[in-house]
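Heads up: the structure comes next, in structure tokens.
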Amino acid sequence: MQSVALDGHQKEDIIVCEDVNKWYGEFHVLKDVSLKVKKGEVVVVCGPSGSGKSTFIRTLNRLEEHQEGRIVVDGIEMSNDIRNIDAIRREVGMVFQQFNLFPHLTVMDNITLAPLWVRKVSRKEADETALRLLEKVGISEQAKKFPGQLSGGQQQRVAIARALAMKPRIMLFDEPTSALDPEMIKEVLDVMKTLARDGMTMLCVTHEMGFAREVADRIVFFDQGKIVEEGPPAQIFANPRHERTRLFLSQIL
Amino acid sequence: MATQATENVVRPPRQSLGLVGWLRANLFNTWWNGLITLLMLWLVGQVLFNFVAWAITAPGWVAVITNMRLFFVGRYPAELVWRVELGVWLVALLLGLSAGIWRGLSLALAVAFGALFLVVAGFALFLPAGEQPKLIPTPLFLIGTTALIGVGYALGSRLGARLRWPVIIAWLLAYPLLVLLIRGFSAEGVLTLVDTNLWGGLMLTLLLAVTGIVCSFPLGVLLALGRRSSLPIIKWFCVCYIELIRGVPLVTVLFMAQIMLPLFLPQGVSVDNLVRAMVAITLFSAAYLAENVRGGLQAIPRGQEEAARALGLNPVQTTLFITLPQALRAVIPVLVGQFISLFKDTSLVTIVGLSDLVGMSQSIIAQPAWTQVSGGVWRETFLFVAVIFWIFCFTMSRASQQIERNLNVGKF
Ligand SMILES: Nc1ncnc2c1ncn2[C@@H]1O[C@H](COP(=O)(O)OP(=O)(O)O)[C@@H](O)[C@H]1O
Ligand SMILES: [Mg+2]
């Protein structure tokens with residue numbers, strides 16, 4: 001159950017989705033979604049609102065359950081087996097649009113909670129990792145504060161540090177800059193760019209096309225629960241093949 | 001850097017009016033407003049004057065003073081009251097220690113407690129000597145209580161962190177120890193048994209309230225979590241329990257515990273009258289607490305739980321570290337409100353034959369010595385009881401505000 005047979009070609013694929021289908025009641029949100037992501041690849045997911053982007057990336061760490069198809073993350077098959085789900089969640093970090101920091105804990109406690117209780121590292125090690133990560137995202141002086149005392153951009157950077165503290169192999173971002181004021185978007189994108197250059201496998205739902213152009217290896221375009229187009233940024237921006245993609249790009253660029 | 005620009009800052013205009021200005025602006029701004037003000041002043045003056053005139057001449061105060069022991073410990077044997085007083089000293093010491101270690105809330109409580117005792121000590125010095133000799137004279141007891149708070153505070157603030165765990169453990173042990181001390185166990189010897197039907201007055205009220213609060217809290221939280229459980233059996237059990245209890249008055253639950261409980265128990269097993277009342281109050285309060293806590297849980301955004309799960313925390317950890325702490329701090333004012341009403345509701349145990357503060361005052365009023373006094377002594381007695389209730393409820397309500405202030409640091 002633990003690991004699936006991998007042939008030579010698939011060896012590098014850290015995420016494999018095959019014909020994933022999901023319904024909310026009668027509503028068909030994800031229709032035969034297939035996607036493979038290689039280790040170290042940065043994939044940007046875009047598409048109109050309500051097209052199922054969030055739902056899709058949330059199936060990758062089982063915040064949403066899919067009903068048909070196969071999802072394999074880091075060699076672990078997504079099933080109802082709670083051990084597999086826990087194993088996947090340890091390998092996959094997630095950053096949300098609304099930050100979702102824990103408001104009753106300090107920045108430091110937000111970051112060290114999961115390493116202490118899930119990875120079971122020592123307090124000393126957790127603190128060291130947390131401080132190093134806070135430095136990496138550029139807010140080491142805020143460790144003792146509560147999330148409510150930080151700006152939106154700072155909060156989102158703490159959220160990134162919190163996810164990284166679990167030492168994940170994959171990072172999922174669901175519109176990480178959509179809730180931010182314009183002047184704070186850059187500081188978050190800069191952190192994400194550093195992360196991409198360090199070789200993290202990333203799946204980002206975002207409408208920041210500058211970011212996509214600069215760091216994405218591939219752009220995946222969603223419409224009405226389907227992947228209608230995918231390819232390298234240069235190709236998607238220069239000559240999108242699908243009508244919906246063209247329309248969407250013309251609206252946001 | 002920040003002070004550079006002070007000269008250019010424009011200050012808001014001063015708006016002080018002075019006393020006369022304030023009076024004119026608020027109380028006498030129109031002729032009919034002035035009239036109403038004068039009328040109200042006259043009314044308040046009348047009420048106050050009559051009240052003070054009555055309070056000074058009222059014959060019932062003697063009844064209150066001579067029965068002080070009944071008010072505080074009921075018919076607990078006078079020669080054994082030192083055991084209760086020892087218990088109070090234990091609590092005073094712990095309160096002082098906590099105040100020294102944690103400051104904030106416990107400091108406020110210790111000061112309130114100490115001040116109360118000092119004031120009472122002042123009065124006690126002028127009281128006539130009690131009818132029976134006591135091991136610890138009242139003034140010594142009251143001053144001792146205050147002193148112990150002070151000693152505890154000094155120790156606590158000096159040793160600080162090192163005493164943290166010992167004090168927490170001591171608090172946990174304090175309750176059983178206190179009950180043991182008050183109740184005793186041996187037929188004769190050091191701690192002779194004092195039957196619970198001799199317990200009464202404020203001591204009983206406090207025991208009922210503290211037991212109710214301490215036991216119903218975890219039970220209520222469990223019921224609230226159970227009601228949100230995904231396991232249908234647990235969920236429906238909790239729903240049925242909560243709705244059943246909330247549908248009946250406390251008096252009914254008290255009667256049920258008194259009369260029905262023995263029917264369910266095997267022959268020969270009897271449960272103490274007081275314990276039955278404690279169980280009834282706990283079960284009753286837990287149902288309401290559960291609904292309040294559930295309200296708090298529902299107010300937590302879904303994203304909190306999702307973030308915790310995405311980090312790999314399991315459901316128990318998510319509840320313990322993320323949702324429950326946030327839910328509880330959101331409902332603190334409601335919970336304290338509920339505890340205050342629980343405290344006052346304990347007076348209903350009079351109906352099932354326990355002599356709490358209210359029950360005790362009823363029997364004092366009925367003493368032959370006072371029934372002859374014209375008009376009886378019930379006004380003074382109940383006024384006294386009301387003041388005691390008010391002091392405790394007011395302290396709880398202030399404590400709640402203090403907790404909120406402490407927890408609000410850096411929130412949202
Ligand atoms: N919990 C839910 N129940 C029912 N419908 C939902 C739920 N969550 C999302 N949807 C619907 O699924 C569709 C896709 O949602 P989402 O994945 O959030 O889109 P996107 O992130 O691309 O904007 C939307 O039409 C939305 O209304
Ligand atoms: Mg979305």
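In the structure tokens, chains take letters A, B, ... by order of appearance, with residues numbered from 1 within each chain and ligands from 1 in the order shown.
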Query raised in the report: Hey, which residues come within 7 Å of ligand 1 if we count only C-alpha atoms and all ligand atoms? Could you give them as a VMD selection string?
Result: chain A and resid 24 29 47 to 56
Selection to disk with C-alpha atoms, as a short mmCIF file (atom, residue, chain, number, x, y, z; two decimals), in the first residue's frame:
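The file below, selection.cif, is the result:
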```
data_model
loop_
_atom_site.label_atom_id
_atom_site.label_comp_id
_atom_site.auth_asym_id
_atom_site.auth_seq_id
_atom_site.Cartn_x
_atom_site.Cartn_y
_atom_site.Cartn_z
CA TYR A 24 -20.05 18.65 -4.25
CA VAL A 29 -16.25 20.44 -9.49
CA GLY A 47 -8.14 30.26 -14.20
CA PRO A 48 -11.38 32.10 -13.54
CA SER A 49 -12.92 32.24 -10.07
CA GLY A 50 -14.98 29.17 -9.24
CA SER A 51 -13.17 26.96 -11.74
CA GLY A 52 -12.03 24.53 -9.04
CA LYS A 53 -8.41 25.60 -8.50
CA SER A 54 -8.65 25.68 -4.70
CA THR A 55 -10.61 22.46 -4.61
CA PHE A 56 -7.96 20.79 -6.73
#
```
Report task. Tell me, as a PyMOL selection string, which residues lie within 7 Å of range 104-112 of chain B, counting only C-alpha atoms; anything in the same chain fewer than 5 positions away does not count. Result -> chain B and resi 95-96+98-99+149+399+402-403
Residues just named, written with N, CA and C atoms as a tab-separated table (two decimals), in the first residue's frame:
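The resulting result.tsv:
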```tsv
chain	number	residue	atom	x	y	z
B	95	LEU	N	-3.63	31.24	47.68
B	95	LEU	CA	-4.02	32.43	46.92
B	95	LEU	C	-2.87	33.42	46.91
B	96	GLY	N	-2.25	33.63	48.09
B	96	GLY	CA	-1.12	34.54	48.18
B	96	GLY	C	0.03	34.09	47.30
B	98	SER	N	-0.08	32.14	44.63
B	98	SER	CA	-0.44	32.31	43.22
B	98	SER	C	-0.31	33.77	42.82
B	99	ALA	N	-0.76	34.66	43.71
B	99	ALA	CA	-0.67	36.09	43.41
B	99	ALA	C	0.78	36.49	43.19
B	149	ILE	N	-2.00	35.54	53.31
B	149	ILE	CA	-1.99	35.99	51.92
B	149	ILE	C	-0.71	36.78	51.66
B	399	ALA	N	-13.32	39.53	38.23
B	399	ALA	CA	-12.28	38.58	37.84
B	399	ALA	C	-12.40	38.28	36.34
B	402	GLN	N	-10.90	40.94	34.39
B	402	GLN	CA	-9.45	40.89	34.48
B	402	GLN	C	-8.88	39.82	33.54
B	403	ILE	N	-9.54	38.66	33.51
B	403	ILE	CA	-9.08	37.58	32.62
B	403	ILE	C	-9.13	38.07	31.17
```
Report task. Select all residues from chain A having any atom no more than 7 Å from an atom of chain B (counting only C-alpha atoms, ignoring ligands), output as a list in words. Result ->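 Here is what falls inside 7 Å: Asn61, Leu63, Asp86, Arg89, Arg90, Gly93, Met94, Asn100, Phe102, Pro103, His104, Ala114, Val118, Phe146, Gly148, Gln149 and Ala163 of chain A.
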Can I get the selected residues back with all heavy atoms, as a short mmCIF file (atom, residue, chain, number, x, y, z; two decimals), in the first residue's frame?
```cif
data_model
loop_
_atom_site.label_atom_id
_atom_site.label_comp_id
_atom_site.auth_asym_id
_atom_site.auth_seq_id
_atom_site.Cartn_x
_atom_site.Cartn_y
_atom_site.Cartn_z
N ASN A 61 -3.71 17.45 -0.30
CA ASN A 61 -3.38 17.09 1.09
C ASN A 61 -4.64 16.70 1.86
O ASN A 61 -4.70 16.79 3.07
CB ASN A 61 -2.61 18.22 1.79
CG ASN A 61 -3.44 19.47 1.94
OD1 ASN A 61 -4.54 19.57 1.38
ND2 ASN A 61 -2.94 20.42 2.71
N LEU A 63 -7.52 17.99 2.28
CA LEU A 63 -8.48 18.88 2.92
C LEU A 63 -9.81 18.71 2.22
O LEU A 63 -10.86 19.00 2.77
CB LEU A 63 -8.01 20.34 2.86
CG LEU A 63 -6.85 20.70 3.78
CD1 LEU A 63 -6.53 22.18 3.70
CD2 LEU A 63 -7.14 20.31 5.22
N ASP A 86 -1.84 11.12 6.94
CA ASP A 86 -0.91 11.79 7.85
C ASP A 86 0.48 11.88 7.24
O ASP A 86 1.15 12.90 7.35
CB ASP A 86 -0.85 11.05 9.20
CG ASP A 86 -2.09 11.31 10.04
OD1 ASP A 86 -2.81 12.28 9.71
OD2 ASP A 86 -2.34 10.57 11.00
N ARG A 89 0.48 14.57 4.67
CA ARG A 89 0.42 15.93 5.25
C ARG A 89 1.76 16.35 5.83
O ARG A 89 2.07 17.53 5.89
CB ARG A 89 -0.67 16.00 6.31
CG ARG A 89 -2.04 16.09 5.68
CD ARG A 89 -3.12 16.18 6.71
NE ARG A 89 -4.42 16.32 6.06
CZ ARG A 89 -5.56 16.02 6.63
NH1 ARG A 89 -5.58 15.57 7.86
NH2 ARG A 89 -6.69 16.17 5.98
N ARG A 90 2.54 15.36 6.29
CA ARG A 90 3.87 15.72 6.80
C ARG A 90 4.78 16.20 5.67
O ARG A 90 5.70 16.97 5.90
CB ARG A 90 4.50 14.51 7.50
CG ARG A 90 4.05 14.36 8.95
CD ARG A 90 4.97 13.43 9.71
NE ARG A 90 4.86 12.06 9.20
CZ ARG A 90 4.00 11.16 9.68
NH1 ARG A 90 3.19 11.48 10.66
NH2 ARG A 90 3.96 9.94 9.20
N GLY A 93 3.38 21.13 2.61
CA GLY A 93 3.05 22.34 3.35
C GLY A 93 2.00 23.13 2.58
O GLY A 93 1.93 23.04 1.36
N MET A 94 1.17 23.90 3.31
CA MET A 94 0.14 24.66 2.60
C MET A 94 0.06 26.09 3.14
O MET A 94 0.15 26.32 4.34
CB MET A 94 -1.21 23.99 2.75
CG MET A 94 -2.27 24.64 1.89
SD MET A 94 -3.66 23.54 1.65
CE MET A 94 -4.39 24.24 0.19
N ASN A 100 -4.57 32.15 7.89
CA ASN A 100 -4.96 31.14 8.89
C ASN A 100 -3.89 30.90 9.95
O ASN A 100 -3.68 29.78 10.37
CB ASN A 100 -5.30 29.80 8.21
CG ASN A 100 -6.52 29.91 7.34
OD1 ASN A 100 -7.17 30.94 7.34
ND2 ASN A 100 -6.83 28.87 6.61
N PHE A 102 -2.63 31.03 13.84
CA PHE A 102 -3.38 30.81 15.06
C PHE A 102 -3.28 32.07 15.92
O PHE A 102 -2.21 32.36 16.46
CB PHE A 102 -2.83 29.59 15.80
CG PHE A 102 -2.74 28.36 14.94
CD1 PHE A 102 -1.58 27.62 14.85
CD2 PHE A 102 -3.84 27.97 14.17
CE1 PHE A 102 -1.51 26.50 14.04
CE2 PHE A 102 -3.78 26.85 13.36
CZ PHE A 102 -2.60 26.11 13.29
N PRO A 103 -4.37 32.82 16.07
CA PRO A 103 -4.28 34.15 16.68
C PRO A 103 -3.93 34.13 18.16
O PRO A 103 -3.46 35.12 18.70
CB PRO A 103 -5.68 34.73 16.46
CG PRO A 103 -6.56 33.56 16.28
CD PRO A 103 -5.73 32.49 15.64
N HIS A 104 -4.15 32.98 18.83
CA HIS A 104 -3.90 32.94 20.27
C HIS A 104 -2.47 32.52 20.59
O HIS A 104 -2.10 32.46 21.76
CB HIS A 104 -4.89 31.99 20.95
CG HIS A 104 -4.79 30.58 20.46
ND1 HIS A 104 -4.93 30.25 19.13
CD2 HIS A 104 -4.55 29.42 21.11
CE1 HIS A 104 -4.79 28.94 19.01
NE2 HIS A 104 -4.55 28.42 20.19
N ALA A 114 3.64 22.46 15.25
CA ALA A 114 3.58 21.20 14.50
C ALA A 114 4.90 20.40 14.57
O ALA A 114 4.86 19.19 14.80
CB ALA A 114 3.17 21.47 13.05
N VAL A 118 4.06 16.92 15.88
CA VAL A 118 3.91 15.97 14.78
C VAL A 118 5.25 15.33 14.44
O VAL A 118 5.37 14.12 14.37
CB VAL A 118 3.31 16.67 13.54
CG1 VAL A 118 3.11 15.67 12.42
CG2 VAL A 118 1.98 17.32 13.90
N PHE A 146 2.20 38.54 18.56
CA PHE A 146 1.05 37.74 18.15
C PHE A 146 0.68 38.12 16.71
O PHE A 146 0.95 39.25 16.29
CB PHE A 146 -0.13 38.00 19.08
CG PHE A 146 0.02 37.36 20.42
CD1 PHE A 146 0.67 38.02 21.46
CD2 PHE A 146 -0.48 36.08 20.66
CE1 PHE A 146 0.83 37.42 22.70
CE2 PHE A 146 -0.32 35.48 21.90
CZ PHE A 146 0.33 36.15 22.92
N GLY A 148 -1.93 39.07 15.33
CA GLY A 148 -2.73 40.28 15.20
C GLY A 148 -1.92 41.56 15.23
O GLY A 148 -2.42 42.63 14.87
N GLN A 149 -0.67 41.48 15.68
CA GLN A 149 0.16 42.69 15.76
C GLN A 149 1.01 42.88 14.51
O GLN A 149 1.81 43.80 14.45
CB GLN A 149 1.09 42.58 16.99
CG GLN A 149 0.32 42.59 18.30
CD GLN A 149 1.17 42.17 19.48
OE1 GLN A 149 1.78 41.10 19.47
NE2 GLN A 149 1.22 42.99 20.50
N ALA A 163 4.73 26.67 7.53
CA ALA A 163 4.65 25.48 6.68
C ALA A 163 6.04 24.88 6.47
O ALA A 163 6.22 23.67 6.49
CB ALA A 163 4.01 25.85 5.34
#
```
Query raised in the report: How would you write, as an MDAnalysis selection string, the set of residues in range 35-222 of chain B that DSSP gives as alpha helix (DSSP H)?
Result: chainID B and resid 35:57 61:66 68:73 81:102 104:124 138:159 164:183 201:222
Report task. Have a look at CA of Arg218 in chain A and CA of Pro233 in chain A and let me know their distance in Å, one decimal. Result -> 5.9 Å
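Residues surrounding Gly69 in chain A within 8 Å are Cys17, Glu18, Asp19, Val20, Asn21 and Asp32 of chain A [only C-alpha atoms; sequence separation below 5 positions excluded].
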Hey, can you spit out that residue selection with N, CA and C atoms as a CSV table (one decimal), in the first residue's frame?
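Listed below is the output, result25.csv:
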```
chain,number,residue,atom,x,y,z
A,17,CYS,N,-1.5,12.9,-10.6
A,17,CYS,CA,-3.0,12.8,-10.5
A,17,CYS,C,-3.5,12.2,-11.8
A,18,GLU,N,-4.3,11.2,-11.6
A,18,GLU,CA,-4.9,10.6,-12.8
A,18,GLU,C,-6.4,10.6,-12.8
A,19,ASP,N,-7.0,11.3,-13.7
A,19,ASP,CA,-8.5,11.3,-13.9
A,19,ASP,C,-9.2,11.6,-12.6
A,20,VAL,N,-8.8,12.6,-11.9
A,20,VAL,CA,-9.4,12.9,-10.6
A,20,VAL,C,-10.8,13.6,-10.8
A,21,ASN,N,-11.8,13.0,-10.2
A,21,ASN,CA,-13.1,13.6,-10.3
A,21,ASN,C,-13.7,13.9,-8.9
A,32,ASP,N,-12.1,14.8,-14.5
A,32,ASP,CA,-10.9,14.1,-15.1
A,32,ASP,C,-9.7,15.0,-15.1
```
**Report entry** range 81-88 of chain B surroundings by only C-alpha atoms, 12 Å radius, close-in-sequence under 4 positions cut, as a PyMOL selection string
**Finding:** chain B and resi 69-70+72-77+92-95+113-114+117+132-146+148-149+174-184+190-194+198-200+202-204+206-207
Within 10 Å of Arg164 in chain B using only C-alpha atoms, minus same-chain residues under 5 positions, as a tab-separated table (two decimals) with all heavy atoms, in the first residue's frame:
```tsv
chain	number	residue	atom	x	y	z
B	97	LEU	N	0.35	32.79	47.37
B	97	LEU	CA	1.43	32.25	46.55
B	97	LEU	C	1.15	32.47	45.06
B	97	LEU	O	2.01	32.95	44.31
B	97	LEU	CB	1.59	30.75	46.82
B	97	LEU	CG	2.34	30.38	48.11
B	97	LEU	CD1	2.18	28.90	48.41
B	97	LEU	CD2	3.82	30.73	47.97
B	98	SER	N	-0.08	32.14	44.63
B	98	SER	CA	-0.44	32.31	43.22
B	98	SER	C	-0.31	33.77	42.82
B	98	SER	O	0.17	34.09	41.73
B	98	SER	CB	-1.87	31.85	42.95
B	98	SER	OG	-2.08	30.61	43.57
B	101	ILE	N	3.24	34.55	42.22
B	101	ILE	CA	3.84	33.91	41.05
B	101	ILE	C	3.27	34.47	39.75
B	101	ILE	O	3.99	34.81	38.83
B	101	ILE	CB	3.61	32.38	41.11
B	101	ILE	CG1	4.30	31.80	42.34
B	101	ILE	CG2	4.16	31.71	39.85
B	101	ILE	CD1	3.98	30.35	42.60
B	102	TRP	N	1.94	34.55	39.67
B	102	TRP	CA	1.32	34.88	38.38
B	102	TRP	C	0.85	36.33	38.26
B	102	TRP	O	0.48	36.74	37.19
B	102	TRP	CB	0.14	33.94	38.10
B	102	TRP	CG	0.58	32.56	37.75
B	102	TRP	CD1	1.09	32.15	36.56
B	102	TRP	CD2	0.54	31.40	38.59
B	102	TRP	NE1	1.37	30.80	36.61
B	102	TRP	CE2	1.06	30.31	37.85
B	102	TRP	CE3	0.13	31.16	39.90
B	102	TRP	CZ2	1.18	29.02	38.35
B	102	TRP	CZ3	0.25	29.87	40.39
B	102	TRP	CH2	0.76	28.83	39.63
B	156	GLY	N	5.92	33.85	47.01
B	156	GLY	CA	5.65	33.60	45.59
B	156	GLY	C	6.45	34.53	44.70
B	156	GLY	O	7.02	34.10	43.69
B	159	LEU	N	10.35	33.48	45.01
B	159	LEU	CA	10.78	32.21	44.41
B	159	LEU	C	10.24	32.02	42.99
B	159	LEU	O	10.79	31.28	42.20
B	159	LEU	CB	10.36	31.03	45.29
B	159	LEU	CG	11.04	31.05	46.66
B	159	LEU	CD1	10.51	29.95	47.55
B	159	LEU	CD2	12.56	30.92	46.50
B	169	ILE	N	-0.01	21.84	41.84
B	169	ILE	CA	-0.35	20.55	42.45
B	169	ILE	C	-1.06	20.77	43.78
B	169	ILE	O	-2.06	20.11	44.08
B	169	ILE	CB	0.92	19.69	42.63
B	169	ILE	CG1	1.45	19.30	41.25
B	169	ILE	CG2	0.63	18.45	43.46
B	169	ILE	CD1	2.85	18.74	41.24
B	170	ALA	N	-0.59	21.76	44.55
B	170	ALA	CA	-1.22	22.05	45.83
B	170	ALA	C	-2.68	22.46	45.64
B	170	ALA	O	-3.55	22.04	46.39
B	170	ALA	CB	-0.45	23.15	46.56
```
Neighbours of Asn239 in chain A within 12 Å (only C-alpha atoms; same-chain residues fewer than 5 positions away dropped), as a tab-separated table (two decimals) with N, CA and C atoms, in the first residue's frame?
```tsv
chain	number	residue	atom	x	y	z
A	229	GLU	N	-5.68	23.89	-20.61
A	229	GLU	CA	-4.44	24.17	-21.32
A	229	GLU	C	-3.28	24.15	-20.34
A	230	GLU	N	-2.13	23.63	-20.78
A	230	GLU	CA	-0.94	23.75	-19.94
A	230	GLU	C	0.30	23.84	-20.80
A	231	GLY	N	1.32	24.52	-20.28
A	231	GLY	CA	2.56	24.65	-21.03
A	231	GLY	C	3.48	25.62	-20.35
A	232	PRO	N	4.67	25.82	-20.88
A	232	PRO	CA	5.60	26.77	-20.31
A	232	PRO	C	5.06	28.19	-20.40
A	233	PRO	N	5.40	29.07	-19.51
A	233	PRO	CA	4.85	30.43	-19.49
A	233	PRO	C	5.00	31.15	-20.82
A	234	ALA	N	6.18	31.03	-21.41
A	234	ALA	CA	6.42	31.75	-22.66
A	234	ALA	C	5.36	31.40	-23.69
A	245	THR	N	-8.54	30.67	-22.35
A	245	THR	CA	-7.26	31.15	-21.83
A	245	THR	C	-6.98	32.55	-22.35
A	246	ARG	N	-7.22	32.71	-23.64
A	246	ARG	CA	-6.95	34.00	-24.28
A	246	ARG	C	-7.78	35.10	-23.60
A	247	LEU	N	-9.06	34.80	-23.40
A	247	LEU	CA	-9.97	35.77	-22.78
A	247	LEU	C	-9.49	36.11	-21.37
A	249	LEU	N	-6.51	35.76	-20.00
A	249	LEU	CA	-5.25	36.50	-19.97
A	249	LEU	C	-5.46	37.96	-20.35
A	250	SER	N	-6.35	38.18	-21.30
A	250	SER	CA	-6.58	39.56	-21.73
A	250	SER	C	-7.21	40.37	-20.60
```
Residues within 12 Å of Phe384 in chain B, please, as a tab-separated table (two decimals) with N, CA, C and O atoms, in the first residue's frame. Count only C-alpha atoms; anything in the same chain fewer than 6 positions from it doesn't count.
```tsv
chain	number	residue	atom	x	y	z
B	55	ALA	N	-31.89	51.41	59.20
B	55	ALA	CA	-30.72	50.57	59.43
B	55	ALA	C	-30.12	50.83	60.81
B	55	ALA	O	-29.65	49.91	61.47
B	60	GLY	N	-32.89	43.94	64.41
B	60	GLY	CA	-32.46	42.63	63.92
B	60	GLY	C	-30.96	42.44	63.83
B	60	GLY	O	-30.49	41.31	63.69
B	61	TRP	N	-30.20	43.52	63.88
B	61	TRP	CA	-28.75	43.36	63.71
B	61	TRP	C	-28.16	42.49	64.80
B	61	TRP	O	-27.20	41.77	64.57
B	62	VAL	N	-28.77	42.58	65.99
B	62	VAL	CA	-28.30	41.72	67.09
B	62	VAL	C	-28.45	40.26	66.69
B	62	VAL	O	-27.56	39.44	66.93
B	63	ALA	N	-29.57	39.96	66.04
B	63	ALA	CA	-29.79	38.58	65.59
B	63	ALA	C	-28.71	38.16	64.61
B	63	ALA	O	-28.19	37.04	64.67
B	64	VAL	N	-28.35	39.08	63.72
B	64	VAL	CA	-27.33	38.75	62.73
B	64	VAL	C	-26.00	38.50	63.43
B	64	VAL	O	-25.31	37.52	63.16
B	65	ILE	N	-25.66	39.39	64.36
B	65	ILE	CA	-24.34	39.30	64.99
B	65	ILE	C	-24.22	38.07	65.88
B	65	ILE	O	-23.26	37.32	65.80
B	67	ASN	N	-25.70	35.36	65.60
B	67	ASN	CA	-25.78	34.11	64.84
B	67	ASN	C	-24.71	33.99	63.77
B	67	ASN	O	-24.83	33.19	62.85
B	68	MET	N	-23.68	34.82	63.90
B	68	MET	CA	-22.65	34.84	62.87
B	68	MET	C	-22.15	33.44	62.52
B	68	MET	O	-21.92	33.12	61.37
B	71	PHE	N	-24.40	31.63	60.19
B	71	PHE	CA	-24.30	32.15	58.83
B	71	PHE	C	-23.10	31.56	58.09
B	71	PHE	O	-23.16	31.26	56.91
B	72	PHE	N	-21.99	31.41	58.82
B	72	PHE	CA	-20.78	31.02	58.11
B	72	PHE	C	-20.58	29.51	58.01
B	72	PHE	O	-20.18	29.02	56.97
B	202	LEU	N	-22.55	29.80	54.70
B	202	LEU	CA	-21.70	30.18	53.59
B	202	LEU	C	-20.77	29.05	53.18
B	202	LEU	O	-20.51	28.84	52.00
B	357	LEU	N	-26.65	29.26	52.94
B	357	LEU	CA	-26.76	30.61	53.49
B	357	LEU	C	-28.23	31.04	53.63
B	357	LEU	O	-28.65	31.54	54.69
B	358	VAL	N	-29.02	30.81	52.59
B	358	VAL	CA	-30.42	31.21	52.64
B	358	VAL	C	-31.21	30.33	53.61
B	358	VAL	O	-32.00	30.83	54.42
B	360	MET	N	-30.08	28.81	56.18
B	360	MET	CA	-29.65	29.16	57.53
B	360	MET	C	-30.40	30.41	58.00
B	360	MET	O	-30.88	30.47	59.13
B	361	SER	N	-30.52	31.40	57.11
B	361	SER	CA	-31.18	32.63	57.56
B	361	SER	C	-32.65	32.37	57.84
B	361	SER	O	-33.22	32.98	58.75
B	377	VAL	N	-37.11	39.66	62.23
B	377	VAL	CA	-35.77	40.13	61.88
B	377	VAL	C	-35.41	39.75	60.45
B	377	VAL	O	-34.25	39.74	60.08
B	378	TRP	N	-36.40	39.42	59.65
B	378	TRP	CA	-36.07	38.91	58.31
B	378	TRP	C	-35.45	39.96	57.42
B	378	TRP	O	-34.64	39.67	56.57
B	390	TRP	N	-23.70	39.33	47.07
B	390	TRP	CA	-23.27	40.37	46.14
B	390	TRP	C	-21.74	40.47	46.10
B	390	TRP	O	-21.15	40.55	45.02
B	391	ILE	N	-21.11	40.40	47.28
B	391	ILE	CA	-19.65	40.51	47.31
B	391	ILE	C	-19.02	39.42	46.45
B	391	ILE	O	-18.13	39.68	45.63
```
Requested in this report: as an MDAnalysis selection string, please: all residues of range 22-246 of chain A that backbone DSSP puts in strand (DSSP E or B).
Outcome: chainID A and resid 22:24 27:38 42:46 68:73 76:77 92:95 170:174 201:205 218:223 226:231
Requested in this report: Would you please work out which residue, of B:Val316, B:Leu208, B:Ile233, B:Ile56, is nearest to Asp345 in chain B when using only C-alpha atoms?
Outcome: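 The answer is B:Leu208, which sits nearest to Asp345 in chain B.
Considering the residues A:Thr206, A:Ser34, A:Ser79, A:Asn84 and counting only C-alpha atoms and all ligand atoms, ligand 2 has its shortest atom-to-atom contact with A:Thr206.
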Requested in this report: For each of B:Thr37, B:Gln338, B:Gly296, B:Leu163, take the minimum atom-to-atom distance to Leu225 in chain B, counting only C-alpha atoms, then give the residue where this is smallest.
Outcome: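 Checking each of B:Thr37, B:Gln338, B:Gly296, B:Leu163 against Leu225 in chain B, counting only C-alpha atoms, the winner is B:Gly296.
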